[in-house]
Every structure is written in C-alpha cells, then in structure tokens.
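Everything below belongs to query.cif, which stores mmCIF, C-alpha atoms.
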```cif
data_entry
loop_
_atom_site.label_atom_id
_atom_site.label_comp_id
_atom_site.auth_asym_id
_atom_site.auth_seq_id
_atom_site.Cartn_x
_atom_site.Cartn_y
_atom_site.Cartn_z
CA MET R 1 6.10 -1.27 24.91
CA PRO R 2 4.41 -2.85 21.87
CA PRO R 3 6.44 -2.79 18.62
CA VAL R 4 4.02 -0.23 17.12
CA ASN R 5 1.06 1.85 18.25
CA SER R 6 -1.72 0.42 16.08
CA MET R 7 -3.92 3.47 16.74
CA ASP R 8 -1.30 5.91 15.44
CA TYR R 9 -0.52 6.62 11.79
CA SER R 10 2.98 5.25 12.41
CA GLY R 11 1.37 1.83 12.79
CA LYS R 12 -0.63 2.03 9.54
CA ASP R 13 1.67 -0.19 7.44
CA THR R 14 1.73 -2.87 10.12
CA VAL R 15 -2.05 -2.85 10.54
CA LEU R 16 -2.64 -3.07 6.77
CA ASP R 17 -0.09 -5.86 6.45
CA VAL R 18 -2.00 -7.79 9.12
CA VAL R 19 -5.26 -7.23 7.23
CA ARG R 20 -3.68 -8.59 4.04
CA ARG R 21 -2.30 -11.68 5.76
CA GLU R 22 -5.52 -12.49 7.59
CA SER R 23 -7.68 -11.86 4.51
CA GLU R 24 -5.50 -14.20 2.45
CA ASP R 25 -6.13 -16.93 5.02
CA PHE R 26 -9.86 -16.14 5.06
CA PHE R 27 -10.18 -16.28 1.28
CA GLU R 28 -8.20 -19.51 1.08
CA LEU R 29 -10.72 -21.11 3.43
CA VAL R 30 -13.87 -19.78 1.76
CA ASP R 31 -12.55 -20.61 -1.73
CA ASP R 32 -12.74 -24.31 -0.83
CA PRO R 33 -16.30 -25.42 -1.70
CA ASN R 34 -16.09 -28.16 0.91
CA ASN R 35 -16.06 -25.48 3.62
CA TRP R 36 -19.09 -23.50 2.47
CA ASN R 37 -21.61 -25.03 4.88
CA VAL R 38 -19.26 -25.75 7.77
CA GLN R 39 -20.65 -24.56 11.12
CA THR R 40 -18.33 -21.94 12.62
CA ARG R 41 -17.72 -20.85 16.21
CA CYS R 42 -20.51 -18.28 15.72
CA THR R 43 -23.56 -20.33 16.57
CA GLU R 44 -25.81 -18.86 13.87
CA TRP R 45 -23.25 -18.77 11.06
CA GLU R 46 -21.86 -21.22 8.59
CA VAL R 47 -18.86 -20.24 6.47
CA ARG R 48 -21.20 -18.83 3.81
CA ASP R 49 -22.61 -16.46 6.43
CA MET R 50 -19.12 -15.20 7.22
CA VAL R 51 -18.85 -14.18 3.57
CA GLY R 52 -22.28 -12.56 3.74
CA HIS R 53 -21.27 -10.71 6.90
CA MET R 54 -18.12 -9.37 5.27
CA ILE R 55 -20.08 -8.20 2.21
CA ASP R 56 -22.53 -6.47 4.53
CA VAL R 57 -19.99 -4.62 6.66
CA THR R 58 -17.57 -3.76 3.87
CA GLU R 59 -20.24 -2.36 1.57
CA GLY R 60 -21.65 -0.49 4.56
CA TYR R 61 -18.25 1.08 5.22
CA LEU R 62 -17.83 2.02 1.57
CA MET R 63 -21.23 3.70 1.49
CA ARG R 64 -20.66 5.54 4.75
CA TRP R 65 -17.18 6.62 3.64
CA GLU R 66 -18.71 8.25 0.56
CA LYS R 67 -21.36 10.00 2.62
CA ALA R 68 -18.71 11.29 5.01
CA ARG R 69 -16.69 12.73 2.12
CA ASN R 70 -19.87 14.39 0.81
CA LYS R 71 -20.74 15.60 4.34
CA GLU R 72 -24.10 13.83 4.20
CA PRO R 73 -25.76 12.93 7.52
CA ILE R 74 -26.29 9.25 8.28
CA ASP R 75 -27.79 7.33 11.16
CA THR R 76 -26.33 4.92 13.70
CA ALA R 77 -28.27 2.21 15.51
CA GLY R 78 -26.29 1.58 18.71
CA LEU R 79 -24.47 -1.53 19.88
CA LEU R 80 -27.39 -3.16 21.69
CA VAL R 81 -28.96 -4.18 18.37
CA MET R 82 -25.68 -4.95 16.60
CA GLY R 83 -25.58 -8.71 17.10
CA GLU R 84 -29.15 -9.35 15.93
CA SER R 85 -28.87 -6.93 13.03
CA LEU R 86 -25.57 -8.34 11.76
CA ASN R 87 -26.98 -11.85 11.95
CA GLU R 88 -30.00 -10.93 9.84
CA HIS R 89 -27.87 -9.13 7.28
CA ALA R 90 -25.32 -11.94 6.98
CA GLN R 91 -27.93 -14.65 6.45
CA ALA R 92 -29.73 -12.52 3.85
CA TYR R 93 -26.84 -13.23 1.45
CA ARG R 94 -27.47 -17.00 1.51
CA SER R 95 -29.44 -16.57 -1.71
CA LEU R 96 -26.27 -15.60 -3.61
CA PRO R 97 -24.46 -18.39 -5.49
CA ARG R 98 -21.17 -19.22 -3.77
CA GLU R 99 -18.83 -17.93 -6.49
CA GLU R 100 -20.86 -14.74 -6.93
CA ALA R 101 -20.74 -14.03 -3.20
CA ILE R 102 -16.99 -14.63 -2.96
CA ASN R 103 -16.22 -12.53 -6.05
CA ARG R 104 -18.39 -9.71 -4.76
CA LEU R 105 -16.59 -9.73 -1.42
CA LYS R 106 -13.16 -9.77 -3.05
CA ALA R 107 -14.10 -6.75 -5.15
CA ASP R 108 -15.39 -4.94 -2.05
CA TYR R 109 -12.22 -5.84 -0.18
CA SER R 110 -10.02 -4.37 -2.93
CA LYS R 111 -11.95 -1.10 -2.89
CA MET R 112 -11.72 -0.85 0.88
CA MET R 113 -8.00 -1.60 0.95
CA ASP R 114 -7.34 1.07 -1.68
CA ILE R 115 -9.03 3.60 0.59
CA PHE R 116 -7.04 2.43 3.61
CA GLN R 117 -3.76 2.54 1.70
CA ASN R 118 -4.36 6.12 0.58
CA LEU R 119 -5.23 7.50 4.01
CA THR R 120 -3.10 10.52 4.91
CA PRO R 121 -1.79 11.25 8.41
CA GLU R 122 -4.43 13.96 8.75
CA GLU R 123 -7.26 11.66 7.68
CA TRP R 124 -6.08 8.79 9.91
CA SER R 125 -7.11 10.58 13.10
CA ASN R 126 -9.29 13.51 12.06
CA PHE R 127 -11.59 12.35 9.25
CA LEU R 128 -14.73 10.89 10.83
CA VAL R 129 -16.86 8.14 9.29
CA THR R 130 -20.13 7.15 10.98
CA HIS R 131 -20.13 3.48 11.97
CA PRO R 132 -23.54 1.74 11.66
CA TYR R 133 -23.58 0.90 15.37
CA MET R 134 -20.88 2.99 17.08
CA GLY R 135 -21.38 6.47 15.68
CA ALA R 136 -18.73 8.79 14.25
CA LEU R 137 -15.24 7.29 14.47
CA PRO R 138 -11.79 8.35 13.22
CA THR R 139 -10.80 6.37 10.16
CA PHE R 140 -8.03 4.45 11.96
CA PHE R 141 -10.77 2.32 13.51
CA TYR R 142 -11.79 0.86 10.16
CA PRO R 143 -8.55 -0.96 9.27
CA ALA R 144 -8.69 -2.34 12.81
CA PHE R 145 -12.26 -3.53 12.20
CA HIS R 146 -10.92 -5.41 9.18
CA VAL R 147 -8.29 -7.03 11.40
CA MET R 148 -11.08 -8.03 13.79
CA ASP R 149 -13.30 -9.39 11.04
CA TYR R 150 -10.74 -11.23 8.96
CA GLY R 151 -8.67 -12.29 11.97
CA VAL R 152 -11.35 -13.38 14.45
CA HIS R 153 -13.71 -14.80 11.83
CA THR R 154 -10.91 -16.82 10.26
CA TRP R 155 -10.35 -18.21 13.75
CA ASP R 156 -14.09 -18.95 13.92
CA ILE R 157 -13.91 -20.89 10.67
CA ARG R 158 -10.85 -22.87 11.72
CA TRP R 159 -12.58 -23.68 15.02
CA GLY R 160 -15.43 -25.13 12.97
CA LEU R 161 -12.93 -27.17 10.98
CA GLY R 162 -11.66 -28.77 14.17
CA GLU R 163 -8.81 -26.45 15.26
CA LYS R 164 -10.31 -25.85 18.69
CA ASP R 165 -7.02 -24.88 20.38
CA ARG R 166 -5.76 -22.56 17.65
CA LYS R 167 -4.38 -19.16 18.68
CA LEU R 168 -4.68 -15.89 16.82
CA ASP R 169 -1.40 -14.85 15.26
CA GLU R 170 0.47 -12.84 17.90
CA ARG R 171 0.76 -9.75 15.71
CA THR R 172 -2.92 -9.94 14.73
CA ALA R 173 -3.98 -10.11 18.35
CA GLY R 174 -1.38 -7.55 19.34
CA VAL R 175 -2.63 -4.76 17.10
CA LEU R 176 -6.14 -5.34 18.53
CA VAL R 177 -5.23 -5.14 22.22
CA PRO R 178 -5.76 -1.36 22.56
CA TYR R 179 -9.04 -1.57 20.65
CA MET R 180 -10.32 -4.12 23.16
CA LEU R 181 -9.36 -1.90 26.10
CA TYR R 182 -10.44 1.48 24.77
CA ALA R 183 -13.30 0.64 22.40
CA LEU R 184 -14.88 -2.82 22.62
CA LEU R 185 -14.96 -3.42 26.38
CA PRO R 186 -16.07 0.12 27.34
CA SER R 187 -18.83 -0.07 24.73
CA THR R 188 -20.24 -3.46 25.72
CA VAL R 189 -20.74 -3.10 29.47
CA ASP R 190 -24.09 -4.67 30.30
CA ALA R 191 -26.10 -2.14 32.30
CA GLN R 192 -27.84 -4.74 34.44
CA SER R 193 -24.64 -6.63 35.25
CA ALA R 194 -22.86 -3.39 36.12
CA GLN R 195 -25.63 -2.06 38.34
CA GLY R 196 -24.20 -1.11 41.74
CA LEU R 197 -20.73 -2.36 40.81
CA ASP R 198 -17.80 -0.20 41.95
CA VAL R 199 -14.55 -2.09 41.51
CA GLU R 200 -10.94 -1.87 40.41
CA TYR R 201 -9.23 -4.83 38.81
CA GLY R 202 -6.09 -5.47 36.81
CA ILE R 203 -5.49 -6.76 33.30
CA GLU R 204 -2.07 -8.02 32.26
CA VAL R 205 -1.38 -9.13 28.70
CA LYS R 206 1.87 -11.02 28.33
CA GLY R 207 4.21 -10.80 25.35
CA GLU R 208 5.74 -8.04 23.27
CA TRP R 209 2.33 -6.63 22.34
CA GLY R 210 1.08 -6.65 25.93
CA GLY R 211 1.15 -4.48 28.98
CA LYS R 212 -0.63 -3.86 32.28
CA TRP R 213 -3.79 -1.86 32.87
CA ARG R 214 -5.80 -0.87 35.92
CA VAL R 215 -9.52 -1.04 35.16
CA THR R 216 -12.20 0.91 37.00
CA VAL R 217 -15.86 -0.03 36.69
CA LYS R 218 -18.17 2.49 38.31
CA ASP R 219 -21.62 3.86 37.49
CA GLY R 220 -21.80 1.43 34.56
CA LYS R 221 -18.63 2.78 32.95
CA PHE R 222 -15.44 0.85 32.13
CA GLU R 223 -12.14 2.74 32.07
CA ALA R 224 -8.66 1.26 31.58
CA LYS R 225 -5.44 3.12 32.36
CA PRO R 226 -1.84 1.90 31.98
CA GLU R 227 -0.44 0.43 35.18
CA THR R 228 3.25 0.56 36.09
CA GLY R 229 2.96 -0.93 39.57
CA ASN R 230 1.81 -4.18 41.08
CA PHE R 231 -2.00 -3.73 41.00
CA GLU R 232 -2.11 -2.70 44.65
CA GLY R 233 -5.72 -2.28 45.75
CA CYS R 234 -7.17 -4.29 42.87
CA LYS R 235 -9.70 -6.91 43.91
CA ALA R 236 -8.70 -9.24 41.08
CA VAL R 237 -6.08 -9.53 38.34
CA PHE R 238 -6.67 -11.21 34.97
CA THR R 239 -3.64 -12.44 33.02
CA PHE R 240 -3.73 -13.35 29.32
CA ASP R 241 -1.61 -13.81 26.27
CA ALA R 242 -2.67 -11.43 23.47
CA SER R 243 -4.71 -14.06 21.61
CA ASP R 244 -6.69 -15.16 24.65
CA PHE R 245 -7.33 -11.55 25.65
CA VAL R 246 -8.81 -10.65 22.27
CA LEU R 247 -10.86 -13.84 21.98
CA THR R 248 -12.12 -13.42 25.54
CA ALA R 249 -13.11 -9.81 24.79
CA PHE R 250 -15.09 -11.15 21.83
CA GLN R 251 -16.60 -13.78 24.17
CA ARG R 252 -15.35 -16.80 22.27
CA PHE R 253 -14.41 -18.27 25.67
CA ASP R 254 -13.30 -17.21 29.15
CA GLY R 255 -9.55 -17.24 28.63
CA GLY R 256 -6.56 -16.35 30.74
CA THR R 257 -6.12 -16.87 34.45
CA ALA R 258 -7.60 -14.86 37.29
CA THR R 259 -6.46 -14.33 40.86
CA GLY R 260 -8.09 -12.47 43.73
CA ASP R 261 -11.63 -12.21 45.02
CA PRO R 262 -13.81 -14.97 43.48
CA GLU R 263 -16.95 -12.83 43.53
CA THR R 264 -15.20 -10.02 41.66
CA ILE R 265 -13.79 -12.47 39.12
CA ASP R 266 -17.27 -13.87 38.48
CA LYS R 267 -18.81 -10.41 38.10
CA VAL R 268 -16.13 -9.26 35.66
CA ARG R 269 -16.54 -12.41 33.57
CA LYS R 270 -20.28 -11.62 33.27
CA LEU R 271 -19.94 -7.85 32.84
CA PHE R 272 -20.20 -7.52 29.06
CA PHE R 273 -22.91 -8.18 26.49
CA ARG R 274 -22.19 -10.02 23.25
CA ILE R 275 -22.16 -8.28 19.87
#
```
Kindly transcribe the structure held in the file into structure tokens.
Amino acid sequence: MPPVNSMDYSGKDTVLDVVRRESEDFFELVDDPNNWNVQTRCTEWEVRDMVGHMIDVTEGYLMRWEKARNKEPIDTAGLLVMGESLNEHAQAYRSLPREEAINRLKADYSKMMDIFQNLTPEEWSNFLVTHPYMGALPTFFYPAFHVMDYGVHTWDIRWGLGEKDRKLDERTAGVLVPYMLYALLPSTVDAQSAQGLDVEYGIEVKGEWGGKWRVTVKDGKFEAKPETGNFEGCKAVFTFDASDFVLTAFQRFDGGTATGDPETIDKVRKLFFRI
C-alpha cells in the first residue's frame, strides 16, 4: 500500500508539501535569466512558455474557483482541444518582460496555495470546480494538477538543460500514480486507436507508491482495477517505476518494460492522445 492516499483528505499535507518542493525547484530554474529561452522537452515551449502556461492555468483555476463559490455557470472545452489551446495561451505571455511574468506567477501561486491550505475535509471531495477542459471536478484534483505542472514541467526544463536521464522524485511521481490510472489515461483514449479493441492487460508500478492493476479497454473505454493476483488472462503486462509510469502517461517517452503479446503491446503504446 502507498504511504498515503493522495486522493483522500488524509493525504492533503503530503500533496501540498510535494507542490511546495516542486515549485521551489521550478522557480529556482526560471529565476536564472540564462534559462529563459532554453528549449524544453515540450517541443513548442521554451522555459518562458512554461511560466506563461503556469500563469494561464493558475489564473484560470482562481477565476473558476470564484465562480464555483458564487454558483455561477462556466463552460468547459473538452480534452481534445486542450493541447492546442494551452499552447496558444502559454505563448501569448511571451510579450511580458521576464521579471514581470515571474512575479505575476509567484503571486498567483501564493493565492492558489492559500486556497489549497484552507480546504476543509468536506470541500476536498464535495466542492466542485469546473476545469477548463475536464468539466466539474472535486477540489482534490487541483493540488494534484499543481504537482503535475510543477513536477513534470520542472522535469521538462531539466531535460532541456541536458538532464535527459533524470527521474521524477519518487514521492512526486507516487502521489500522481492514481491520477494517471483513474483520470488521465481514461480521459485520453484515442477513439480511432481504440476502435474494435477489446483487451485486458496489466500494469505494475514498483516501489512503495506502486501497486498492480488490471486494465480493461473495451468500446473505447479504459478502466483500471486493483489486481491481487498474477495477471492471469492478460495479453500483456507493463512494468514501471513510479517516475517512468507518470512520464509515460504524459507521453514524454515509452518507459517501463512490457511482456506478452507484441501486437497488444504496440496497440497499448499507441492508445492515447497527447494533451
């Protein structure tokens, strides 16, 4: 069993501590003017665009949080347009002077963290905030999104600085494992790639934050359930450490090892669209 359940209120302090640690690393990198125009792992983004992206999403969350508290309706665009839309928004901030952009993001970050810190147990699971691309979500998703953004995008920056073999911190990756299985992967199944596919396969994540899951893909839907056995009947089994699992889910590379039917392995590797 993982040390904490990062989706439960009992895991709140751990999740927020991870956000603080990853954001400190992120800000240390962007505060160095020599890094501002470094090309990151994201093909369209330099470091300055990472800052623009974080301004965009954080200010979007703050606005949507306020509307949720005021019970005001707000739209959502769907995940299929997320990648293109985020790219446009991030690059739109290139016109900001570097120091202005960084200071604006740090102020946004402080406001967001204050909201996260003050979340009650009731709000953690039952207060819904409409995500720009995923619809209404319980608030516990939003601290996890900050772990994704500050954790994975810091990795993207360090990749651009030459640290090609760097791993995500085990705790950072660990708190994200359930969000990959129960949110990201089910939401990014490519309809064309999944057409006619009816398969069961296994996922095993090694380490204290890991576990085993049996995945069913049928009628274009991805479903993962905890597995206590030996993956009997699965056509393939994918084995990862927590870092490689998260980075593979975000399509930074095809990580881990795979055993079983080669055709199934190939189809699973190509099953998801990029956001």
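Residues within 6 Å of segment 140-157 of chain R, counting only C-alpha atoms and excluding same-chain residues fewer than 4 positions away, are Val19, Glu22, Ser23, Phe26, Thr40, Arg41 and Trp124 of chain R.
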- Message: I want to know what sits within 8 Å of Phe222 of chain R, based on only C-alpha atoms, with residues of the same chain fewer than 3 positions away left out; could you give that as a PyMOL selection string?
- Response: chain R and resi 185-186+189+215-218
Assuming the chain letters and numbering stay as they are in my file, what does the PyMOL selection byres ((chain R and resi 258) around 7) actually select? List them as a PDB file with C-alpha atoms, in the coordinates of the input.
```pdb
ATOM      1  CA  ALA R 236      -8.700  -9.240  41.080  1.00  0.00           C
ATOM      2  CA  VAL R 237      -6.080  -9.530  38.340  1.00  0.00           C
ATOM      3  CA  PHE R 238      -6.670 -11.210  34.970  1.00  0.00           C
ATOM      4  CA  THR R 239      -3.640 -12.440  33.020  1.00  0.00           C
ATOM      5  CA  GLY R 256      -6.560 -16.350  30.740  1.00  0.00           C
ATOM      6  CA  THR R 257      -6.120 -16.870  34.450  1.00  0.00           C
ATOM      7  CA  THR R 259      -6.460 -14.330  40.860  1.00  0.00           C
ATOM      8  CA  GLY R 260      -8.090 -12.470  43.730  1.00  0.00           C
ATOM      9  CA  ILE R 265     -13.790 -12.470  39.120  1.00  0.00           C
TER      10      ILE R 265
END
```
- What is the distance, in Å and to one decimal place, between atom CA of Pro132 of chain R and atom CA of Ala77 of chain R?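 Computed distance, atom CA of Pro132 of chain R to atom CA of Ala77 of chain R, equals 6.1 Å.
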- Item | Hits from the PyMOL selection byres ((chain R and resi 165) around 12), listed as a PyMOL selection string | chain R and resi 155-156+158-164+166-168+243-244+247+252-253+255
- Note on the structure: Counting all atoms listed in the file, closest pick from R:Phe240, R:Arg269, R:Gln192, R:Asp198 relative to Gly211 of chain R is R:Phe240
- Query: Which of these, R:Gln39, R:Glu84, R:Pro33, R:Asp17, has the shortest distance to Phe116 of chain R once you count all atoms listed in the file?
  - Reply: R:Asp17
- Which residue gives the smallest distance to Ile203 of chain R among R:Gly220, R:Gly60, R:Pro3, R:Pro226, with all atoms listed in the file counted?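 Result for the nearest residue to Ile203 of chain R: R:Pro226.
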- So how far away is atom CA of Asp108 of chain R from atom CA of Tyr61 of chain R, in Å?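 Interatomic distance, atom CA of Tyr61 of chain R to atom CA of Asp108 of chain R: 9.9 Å.
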- Query: Which residue, R:Thr228, R:Asn35, R:Thr130, R:Thr188, has the smallest gap to Arg274 of chain R when you use all atoms listed in the file?
  - Reply: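 Looking at the shortest contact to Arg274 of chain R, the residue is R:Thr188.
Closest approach to Ile115 of chain R among R:Asn37, R:Ser95, R:Asn230, R:Thr139: R:Thr139, based on all atoms listed in the file.
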- Message: With distances taken over only C-alpha atoms, which residue among R:Asn126, R:Gln91, R:Gln195, R:Thr58 lies nearest Arg104 of chain R?
- Response: R:Thr58
- Could you write out as a list in words the residues that the PyMOL selection byres ((chain R and resi 14) around 12) matches in the shown file?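 Selected by the PyMOL selection byres ((chain R and resi 14) around 12) in this file: Pro3, Val4, Asn5, Ser6, Met7, Asp8, Tyr9, Ser10, Gly11, Lys12, Asp13, Val15, Leu16, Asp17, Val18, Val19, Arg20, Arg21, Gln117, Pro143, Ala144, Val147, Arg171, Thr172, Gly174, Val175 and Leu176 of chain R.
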Non-local contacts of Met82 of chain R (12 Å; only C-alpha atoms; under 5 positions in same chain excluded) as a CSV table (one decimal) with C-alpha atoms, keeping the file's coordinate frame:
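Saved to selection-v5.csv:
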```csv
chain,number,residue,atom,x,y,z
R,57,VAL,CA,-20.0,-4.6,6.7
R,76,THR,CA,-26.3,4.9,13.7
R,77,ALA,CA,-28.3,2.2,15.5
R,87,ASN,CA,-27.0,-11.8,12.0
R,88,GLU,CA,-30.0,-10.9,9.8
R,89,HIS,CA,-27.9,-9.1,7.3
R,90,ALA,CA,-25.3,-11.9,7.0
R,131,HIS,CA,-20.1,3.5,12.0
R,132,PRO,CA,-23.5,1.7,11.7
R,133,TYR,CA,-23.6,0.9,15.4
R,134,MET,CA,-20.9,3.0,17.1
R,187,SER,CA,-18.8,-0.1,24.7
R,188,THR,CA,-20.2,-3.5,25.7
R,273,PHE,CA,-22.9,-8.2,26.5
R,274,ARG,CA,-22.2,-10.0,23.2
R,275,ILE,CA,-22.2,-8.3,19.9
```
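A straight line drawn from atom CA of Phe272 of chain R to atom CA of Ser193 of chain R is 7.7 Å long.
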- Task: Please provide the set of residues having any atom within 8 Å of Ala242 of chain R, restricted to all atoms listed in the file, with same-chain residues fewer than 2 positions apart removed, written as a count of residues only.
- Result: 13
